[in-house]
Each structure stands twice: as structure tokens, then as C-alpha cells.
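> What follows is start.txt; its format and atoms are compact mmCIF, C-alpha atoms.
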```
# COMPACT_ATOMS: atom_id res chain seq x y z
CA MET A 1 103.19 95.43 213.77
CA ASN A 2 100.14 97.18 215.19
CA PHE A 3 101.74 100.53 214.38
CA LEU A 4 101.94 99.68 210.65
CA VAL A 5 98.30 98.58 210.54
CA LEU A 6 97.21 101.80 212.24
CA ALA A 7 99.30 103.95 209.85
CA GLN A 8 97.78 102.29 206.78
CA ALA A 9 94.25 102.61 208.16
CA ALA A 10 94.77 106.31 208.81
CA GLY A 11 95.83 106.86 205.18
CA GLY A 12 99.42 107.59 205.92
CA GLY A 13 100.78 106.67 202.48
CA PHE A 14 100.50 107.51 198.80
CA ASN A 15 97.32 106.06 197.34
CA PRO A 16 97.43 105.78 193.51
CA SER A 17 93.75 104.85 193.29
CA MET A 18 92.84 108.16 194.93
CA LEU A 19 94.88 110.00 192.30
CA LEU A 20 93.02 108.09 189.57
CA MET A 21 89.66 108.98 191.08
CA VAL A 22 90.56 112.69 191.24
CA ALA A 23 91.73 112.61 187.61
CA LEU A 24 88.50 110.96 186.47
CA PHE A 25 86.46 113.50 188.41
CA ALA A 26 88.38 116.34 186.71
CA VAL A 27 87.74 114.82 183.27
CA LEU A 28 84.04 114.51 184.11
CA ILE A 29 83.84 118.20 185.08
CA ILE A 30 85.66 119.27 181.90
CA MET A 31 83.33 117.19 179.72
CA MET A 32 80.27 118.72 181.42
CA PHE A 33 81.47 122.27 180.70
CA ARG A 34 82.34 121.33 177.12
CA GLY A 35 78.85 119.90 176.57
CA ARG A 36 77.22 123.05 177.89
CA LYS A 37 79.34 125.23 175.60
CA LYS A 38 78.40 123.10 172.61
CA GLN A 39 74.72 123.24 173.46
CA ALA A 40 74.84 127.03 173.90
CA ALA A 41 76.56 127.42 170.53
CA GLN A 42 73.95 125.21 168.87
CA GLN A 43 71.12 127.25 170.41
CA GLU A 44 72.72 130.47 169.20
CA LYS A 45 73.08 129.05 165.69
CA LEU A 46 69.44 127.96 165.76
CA LYS A 47 68.36 131.42 166.86
CA ASN A 48 70.40 133.17 164.15
CA ASN A 49 69.35 130.85 161.31
CA THR A 50 65.60 130.87 162.03
CA VAL A 51 64.58 133.54 159.55
CA PRO A 52 61.61 133.68 157.17
CA GLY A 53 62.32 131.67 154.01
CA ALA A 54 64.69 129.16 155.64
CA LYS A 55 64.07 125.52 154.77
CA VAL A 56 63.94 123.37 157.90
CA MET A 57 63.32 119.84 159.17
CA THR A 58 61.60 119.36 162.52
CA ASN A 59 62.46 116.77 165.16
CA SER A 60 59.57 114.63 163.89
CA GLY A 61 60.91 114.65 160.32
CA ILE A 62 58.52 117.20 158.81
CA PHE A 63 60.06 119.42 156.15
CA GLY A 64 58.89 122.98 155.61
CA THR A 65 59.69 126.64 155.13
CA VAL A 66 59.81 129.19 157.95
CA LEU A 67 57.20 131.91 157.49
CA GLY A 68 57.78 133.88 160.67
CA VAL A 69 59.07 133.95 164.24
CA ASP A 70 57.47 135.74 167.19
CA ALA A 71 58.81 136.93 170.56
CA GLN A 72 57.79 133.75 172.43
CA ASP A 73 60.03 131.58 170.20
CA ARG A 74 57.08 130.28 168.21
CA VAL A 75 57.85 129.56 164.57
CA GLN A 76 55.30 129.34 161.77
CA VAL A 77 56.38 126.64 159.32
CA GLU A 78 54.59 126.05 156.02
CA VAL A 79 54.70 122.32 155.28
CA ALA A 80 52.40 122.37 152.24
CA PRO A 81 50.70 125.16 150.31
CA GLY A 82 48.21 126.64 152.75
CA VAL A 83 49.19 124.35 155.67
CA VAL A 84 51.01 126.24 158.42
CA LEU A 85 52.25 124.65 161.65
CA THR A 86 53.10 126.65 164.75
CA LEU A 87 56.09 125.09 166.51
CA HIS A 88 58.52 126.04 169.24
CA ARG A 89 61.92 127.10 167.93
CA GLN A 90 63.56 124.08 169.61
CA ALA A 91 61.39 121.72 167.52
CA ILE A 92 63.58 122.54 164.52
CA ALA A 93 66.16 119.80 164.18
CA GLN A 94 68.20 121.11 161.25
CA PHE A 95 68.29 123.58 158.45
CA ILE A 96 68.19 122.24 154.91
CA ASP A 97 70.83 123.85 152.72
CA SER A 98 70.15 123.48 149.01
CA ASP A 99 73.86 124.00 148.24
CA ALA A 100 74.79 121.07 150.49
CA GLU A 101 72.26 118.83 148.73
CA THR A 102 73.66 119.65 145.28
CA THR A 103 77.21 119.10 146.52
CA ALA A 104 76.24 115.69 147.96
CA ALA A 105 74.51 114.72 144.70
CA ALA A 106 77.57 115.71 142.65
CA THR A 107 79.85 113.69 144.94
CA ALA A 108 77.58 110.63 144.59
CA GLN A 109 77.64 110.91 140.79
CA GLU A 110 81.43 111.23 140.84
CA ASP A 111 81.78 108.10 142.99
CA ASP A 112 79.51 106.14 140.63
CA SER A 113 81.55 107.12 137.59
CA VAL A 114 84.84 106.14 139.22
CA GLN A 115 83.65 102.73 140.40
CA SER A 116 81.78 101.65 137.28
CA GLU A 117 83.32 98.89 135.20
CA THR A 118 82.08 96.81 132.34
CA ALA A 119 80.94 93.21 132.72
CA GLU A 120 84.04 91.98 130.86
CA GLU A 121 86.35 93.86 133.24
CA THR A 122 84.52 92.38 136.21
CA MET A 123 84.84 88.84 134.84
CA ARG A 124 88.57 89.32 134.14
CA ARG A 125 89.10 90.66 137.64
CA LEU A 126 87.20 87.77 139.23
CA ASN A 127 88.85 85.08 137.11
CA GLY A 128 92.31 86.33 137.94
CA GLU A 129 93.27 87.64 134.53
CA ASN A 130 95.38 90.78 134.49
CA LYS A 131 97.03 89.75 137.77
CA GLY A 132 100.36 90.87 136.47
CA GLU A 133 99.01 94.29 135.55
CA ASN A 134 97.17 94.97 138.83
CA ASN A 135 99.83 93.63 141.22
CA ALA A 136 102.82 95.17 139.49
```
For the file at hand, write its structure as C-alpha cells.

Amino acid sequence: MNFLVLAQAAGGGFNPSMLLMVALFAVLIIMMFRGRKKQAAQQEKLKNNTVPGAKVMTNSGIFGTVLGVDAQDRVQVEVAPGVVLTLHRQAIAQFIDSDAETTAAATAQEDDSVQSETAEETMRRLNGENKGENNA
């Protein structure tokens, strides 16, 4: 009896909880490396896209146009005619793409046209008319 207690205390058997802890630790390490890769890719994209003339939004929500970038990662952003802010490159949250805005606007208009119905159609739908047509 004492021999079995001593064997279990010494860790003489298969411990499934230890296997689970090792697996969770491995997942944690993998997620840390993945996050660093993502952050490095985002910084590289930020560095490549910060060119004069690019439309940007800062972390504080200020919209402007990049006028220039210097060697110390300072960016001059014009927020209004004659008003220039000097920011660090990391203060830029995202780049505003005019093509993406027009695509989003076109999609919104398309959704509105598909979902619009007349007042009579709405009343018929709510009153249960045309049940045979819709459920068939």
C-alpha cells in the first residue's frame, strides 16, 4: 500500500493533465510568434504606403493628406488648407482609399434597391396575403 502511494507521489504514471498543459503552452508560443509576424507585416505596409499625397486617418480620428516623411519617421500631414501637423509614422491608423469608398457606396445603393418595397407590398406581406406565392 505504501509502495503505491510513493509511486504516485514520485510521478510514476501517465499524467493527462501534464500533456494538456504542454499543449496549451505550445499553442501560446505559436500565437505569440503569429502576432509578431502580423505586427511586422503591418509596420512594413505602413512604411511602404506612407508617401506624399496619401490620404490617411490618424489614431485620434483626424483625416489628412501626407505632405512628406523624414528620416526620423516624422510625417507632415495637412489636415486643412495651410494647417500641417507633424506626427510620428505610427500615429497613422489607416490609409483612406477613394476606390474602397466608392465601392462601399455602390454596394449600399445596391442593397437599398433590392430591399425596397412599396407600402402596398408591405401591407400584403404583413397581413398574410400572398402566402401561397411566397411559401410555394
> Tell me, in Å to one decimal, how far atom CA of Thr58 of chain A is from atom CA of Lys37 of chain A.
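Value for the atom CA of Thr58 of chain A-atom CA of Lys37 of chain A distance: 22.8 Å.
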> Give me, please, the distance in Å between atom CA of Gln39 of chain A and atom CA of Val69 of chain A, quoted to one decimal.
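These atoms are spaced 21.1 Å apart.
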> For a test of reading the model, state the distance in Å between atom CA of Thr65 of chain A and atom CA of Ala91 of chain A, rounded to one decimal.
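Taking atom CA of Thr65 of chain A and atom CA of Ala91 of chain A, their separation equals 13.4 Å.
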> Between A:Leu126, A:Met18, A:Asp70, A:Thr118, which residue has the minimum interatomic distance to Lys47 of chain A, considering only C-alpha atoms?
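The answer is A:Asp70, which sits nearest to Lys47 of chain A.
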> Find the residues around Asn59 of chain A up to 7 Å (all atoms listed in the file counted), leave out those fewer than 2 positions away in its own chain, and share them as a list in words.
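Surrounding residues, per the criterion: Met57, Gly61, Ala91, Ile92 and Ala93 of chain A.
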> Quick one: write out the picked residues with C-alpha atoms as a PDB file, in the coordinates of the input?

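That gives us out.pdb:
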```
ATOM      1  CA  MET A  57      63.320 119.840 159.170  1.00  0.00           C
ATOM      2  CA  GLY A  61      60.910 114.650 160.320  1.00  0.00           C
ATOM      3  CA  ALA A  91      61.390 121.720 167.520  1.00  0.00           C
ATOM      4  CA  ILE A  92      63.580 122.540 164.520  1.00  0.00           C
ATOM      5  CA  ALA A  93      66.160 119.800 164.180  1.00  0.00           C
TER       6      ALA A  93
END
```
> Would you please work out which residue, of A:Asn127, A:Ser60, A:Gln90, A:Gln72, is nearest to Gln43 of chain A when using all atoms listed in the file?
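Once distances to Gln43 of chain A are computed over all atoms listed in the file, the minimum belongs to A:Gln90.
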> Under the rule that only C-alpha atoms are counted, which of A:Thr122, A:Gln94, A:Asn49, A:Gln42 is the nearest residue to Gly64 of chain A?
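Answer, going by the shortest atom-to-atom distance: A:Gln94.
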> Return the single residue from A:Phe33, A:Phe25, A:Phe95, A:Phe14 that is closest to Phe63 of chain A, with distances computed using all atoms listed in the file.
A:Phe95
> Would you list the contacts of Leu67 of chain A as a ChimeraX atom specification, taking every protein, DNA or RNA residue within 10 Å and counting all atoms listed in the file, but skipping same-chain residues closer than 4 positions in sequence?
/A:50-55,75-78,84-86
> Using the selection just defined, write its residues with C-alpha atoms as a compact mmCIF listing (two decimals), in the coordinates of the input.

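Once everything was written out, this is again-v5.txt:
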```txt
# COMPACT_ATOMS: atom_id res chain seq x y z
CA THR A 50 65.60 130.87 162.03
CA VAL A 51 64.58 133.54 159.55
CA PRO A 52 61.61 133.68 157.17
CA GLY A 53 62.32 131.67 154.01
CA ALA A 54 64.69 129.16 155.64
CA LYS A 55 64.07 125.52 154.77
CA VAL A 75 57.85 129.56 164.57
CA GLN A 76 55.30 129.34 161.77
CA VAL A 77 56.38 126.64 159.32
CA GLU A 78 54.59 126.05 156.02
CA VAL A 84 51.01 126.24 158.42
CA LEU A 85 52.25 124.65 161.65
CA THR A 86 53.10 126.65 164.75
```
> Please complete segment 52-74 of chain A with N, CA, C and O atoms and give it back as a PDB file, keeping the file's coordinate frame.

```pdb
ATOM      1  N   PRO A  52      62.609 134.017 158.182  1.00  0.00           N
ATOM      2  CA  PRO A  52      61.610 133.680 157.170  1.00  0.00           C
ATOM      3  C   PRO A  52      62.282 133.280 155.847  1.00  0.00           C
ATOM      4  O   PRO A  52      63.235 133.905 155.400  1.00  0.00           O
ATOM      5  N   GLY A  53      61.785 132.185 155.271  1.00  0.00           N
ATOM      6  CA  GLY A  53      62.320 131.670 154.010  1.00  0.00           C
ATOM      7  C   GLY A  53      63.299 130.524 154.177  1.00  0.00           C
ATOM      8  O   GLY A  53      63.662 129.867 153.209  1.00  0.00           O
ATOM      9  N   ALA A  54      63.738 130.253 155.409  1.00  0.00           N
ATOM     10  CA  ALA A  54      64.690 129.160 155.640  1.00  0.00           C
ATOM     11  C   ALA A  54      63.975 127.824 155.545  1.00  0.00           C
ATOM     12  O   ALA A  54      62.871 127.650 156.045  1.00  0.00           O
ATOM     13  N   LYS A  55      64.608 126.875 154.886  1.00  0.00           N
ATOM     14  CA  LYS A  55      64.070 125.520 154.770  1.00  0.00           C
ATOM     15  C   LYS A  55      64.560 124.726 155.969  1.00  0.00           C
ATOM     16  O   LYS A  55      65.750 124.700 156.262  1.00  0.00           O
ATOM     17  N   VAL A  56      63.609 124.054 156.663  1.00  0.00           N
ATOM     18  CA  VAL A  56      63.940 123.370 157.900  1.00  0.00           C
ATOM     19  C   VAL A  56      63.353 121.960 157.929  1.00  0.00           C
ATOM     20  O   VAL A  56      62.466 121.631 157.142  1.00  0.00           O
ATOM     21  N   MET A  57      63.892 121.141 158.852  1.00  0.00           N
ATOM     22  CA  MET A  57      63.320 119.840 159.170  1.00  0.00           C
ATOM     23  C   MET A  57      63.093 119.818 160.674  1.00  0.00           C
ATOM     24  O   MET A  57      63.979 120.167 161.446  1.00  0.00           O
ATOM     25  N   THR A  58      61.909 119.410 161.095  1.00  0.00           N
ATOM     26  CA  THR A  58      61.600 119.360 162.520  1.00  0.00           C
ATOM     27  C   THR A  58      62.111 118.073 163.134  1.00  0.00           C
ATOM     28  O   THR A  58      62.562 117.165 162.428  1.00  0.00           O
ATOM     29  N   ASN A  59      62.021 117.975 164.454  1.00  0.00           N
ATOM     30  CA  ASN A  59      62.460 116.770 165.160  1.00  0.00           C
ATOM     31  C   ASN A  59      61.653 115.547 164.737  1.00  0.00           C
ATOM     32  O   ASN A  59      62.135 114.428 164.813  1.00  0.00           O
ATOM     33  N   SER A  60      60.410 115.757 164.301  1.00  0.00           N
ATOM     34  CA  SER A  60      59.570 114.630 163.890  1.00  0.00           C
ATOM     35  C   SER A  60      59.741 114.284 162.417  1.00  0.00           C
ATOM     36  O   SER A  60      59.064 113.400 161.919  1.00  0.00           O
ATOM     37  N   GLY A  61      60.628 114.982 161.712  1.00  0.00           N
ATOM     38  CA  GLY A  61      60.910 114.650 160.320  1.00  0.00           C
ATOM     39  C   GLY A  61      60.051 115.386 159.320  1.00  0.00           C
ATOM     40  O   GLY A  61      60.008 115.010 158.151  1.00  0.00           O
ATOM     41  N   ILE A  62      59.359 116.429 159.722  1.00  0.00           N
ATOM     42  CA  ILE A  62      58.520 117.200 158.810  1.00  0.00           C
ATOM     43  C   ILE A  62      59.364 118.306 158.192  1.00  0.00           C
ATOM     44  O   ILE A  62      60.037 119.058 158.893  1.00  0.00           O
ATOM     45  N   PHE A  63      59.324 118.404 156.858  1.00  0.00           N
ATOM     46  CA  PHE A  63      60.060 119.420 156.150  1.00  0.00           C
ATOM     47  C   PHE A  63      59.151 120.601 155.850  1.00  0.00           C
ATOM     48  O   PHE A  63      57.965 120.421 155.571  1.00  0.00           O
ATOM     49  N   GLY A  64      59.693 121.801 155.899  1.00  0.00           N
ATOM     50  CA  GLY A  64      58.890 122.980 155.610  1.00  0.00           C
ATOM     51  C   GLY A  64      59.743 124.213 155.473  1.00  0.00           C
ATOM     52  O   GLY A  64      60.973 124.165 155.520  1.00  0.00           O
ATOM     53  N   THR A  65      59.047 125.344 155.299  1.00  0.00           N
ATOM     54  CA  THR A  65      59.690 126.640 155.130  1.00  0.00           C
ATOM     55  C   THR A  65      59.209 127.564 156.244  1.00  0.00           C
ATOM     56  O   THR A  65      58.016 127.648 156.517  1.00  0.00           O
ATOM     57  N   VAL A  66      60.144 128.266 156.873  1.00  0.00           N
ATOM     58  CA  VAL A  66      59.810 129.190 157.950  1.00  0.00           C
ATOM     59  C   VAL A  66      59.101 130.404 157.357  1.00  0.00           C
ATOM     60  O   VAL A  66      59.588 131.021 156.411  1.00  0.00           O
ATOM     61  N   LEU A  67      57.934 130.718 157.924  1.00  0.00           N
ATOM     62  CA  LEU A  67      57.200 131.910 157.490  1.00  0.00           C
ATOM     63  C   LEU A  67      57.432 133.075 158.434  1.00  0.00           C
ATOM     64  O   LEU A  67      57.459 134.228 158.010  1.00  0.00           O
ATOM     65  N   GLY A  68      57.577 132.804 159.718  1.00  0.00           N
ATOM     66  CA  GLY A  68      57.780 133.880 160.670  1.00  0.00           C
ATOM     67  C   GLY A  68      58.135 133.363 162.044  1.00  0.00           C
ATOM     68  O   GLY A  68      57.935 132.189 162.354  1.00  0.00           O
ATOM     69  N   VAL A  69      58.683 134.264 162.875  1.00  0.00           N
ATOM     70  CA  VAL A  69      59.070 133.950 164.240  1.00  0.00           C
ATOM     71  C   VAL A  69      58.551 135.062 165.133  1.00  0.00           C
ATOM     72  O   VAL A  69      58.671 136.238 164.796  1.00  0.00           O
ATOM     73  N   ASP A  70      57.946 134.699 166.288  1.00  0.00           N
ATOM     74  CA  ASP A  70      57.470 135.740 167.190  1.00  0.00           C
ATOM     75  C   ASP A  70      58.349 135.806 168.452  1.00  0.00           C
ATOM     76  O   ASP A  70      59.334 135.071 168.574  1.00  0.00           O
ATOM     77  N   ALA A  71      57.988 136.679 169.374  1.00  0.00           N
ATOM     78  CA  ALA A  71      58.810 136.930 170.560  1.00  0.00           C
ATOM     79  C   ALA A  71      58.836 135.758 171.542  1.00  0.00           C
ATOM     80  O   ALA A  71      59.766 135.635 172.329  1.00  0.00           O
ATOM     81  N   GLN A  72      57.824 134.892 171.522  1.00  0.00           N
ATOM     82  CA  GLN A  72      57.790 133.750 172.430  1.00  0.00           C
ATOM     83  C   GLN A  72      58.447 132.507 171.845  1.00  0.00           C
ATOM     84  O   GLN A  72      58.167 131.395 172.269  1.00  0.00           O
ATOM     85  N   ASP A  73      59.305 132.679 170.863  1.00  0.00           N
ATOM     86  CA  ASP A  73      60.030 131.580 170.200  1.00  0.00           C
ATOM     87  C   ASP A  73      59.101 130.611 169.494  1.00  0.00           C
ATOM     88  O   ASP A  73      59.398 129.425 169.358  1.00  0.00           O
ATOM     89  N   ARG A  74      57.951 131.098 169.035  1.00  0.00           N
ATOM     90  CA  ARG A  74      57.080 130.280 168.210  1.00  0.00           C
ATOM     91  C   ARG A  74      57.399 130.542 166.755  1.00  0.00           C
ATOM     92  O   ARG A  74      57.577 131.685 166.338  1.00  0.00           O
TER      93      ARG A  74
END
```
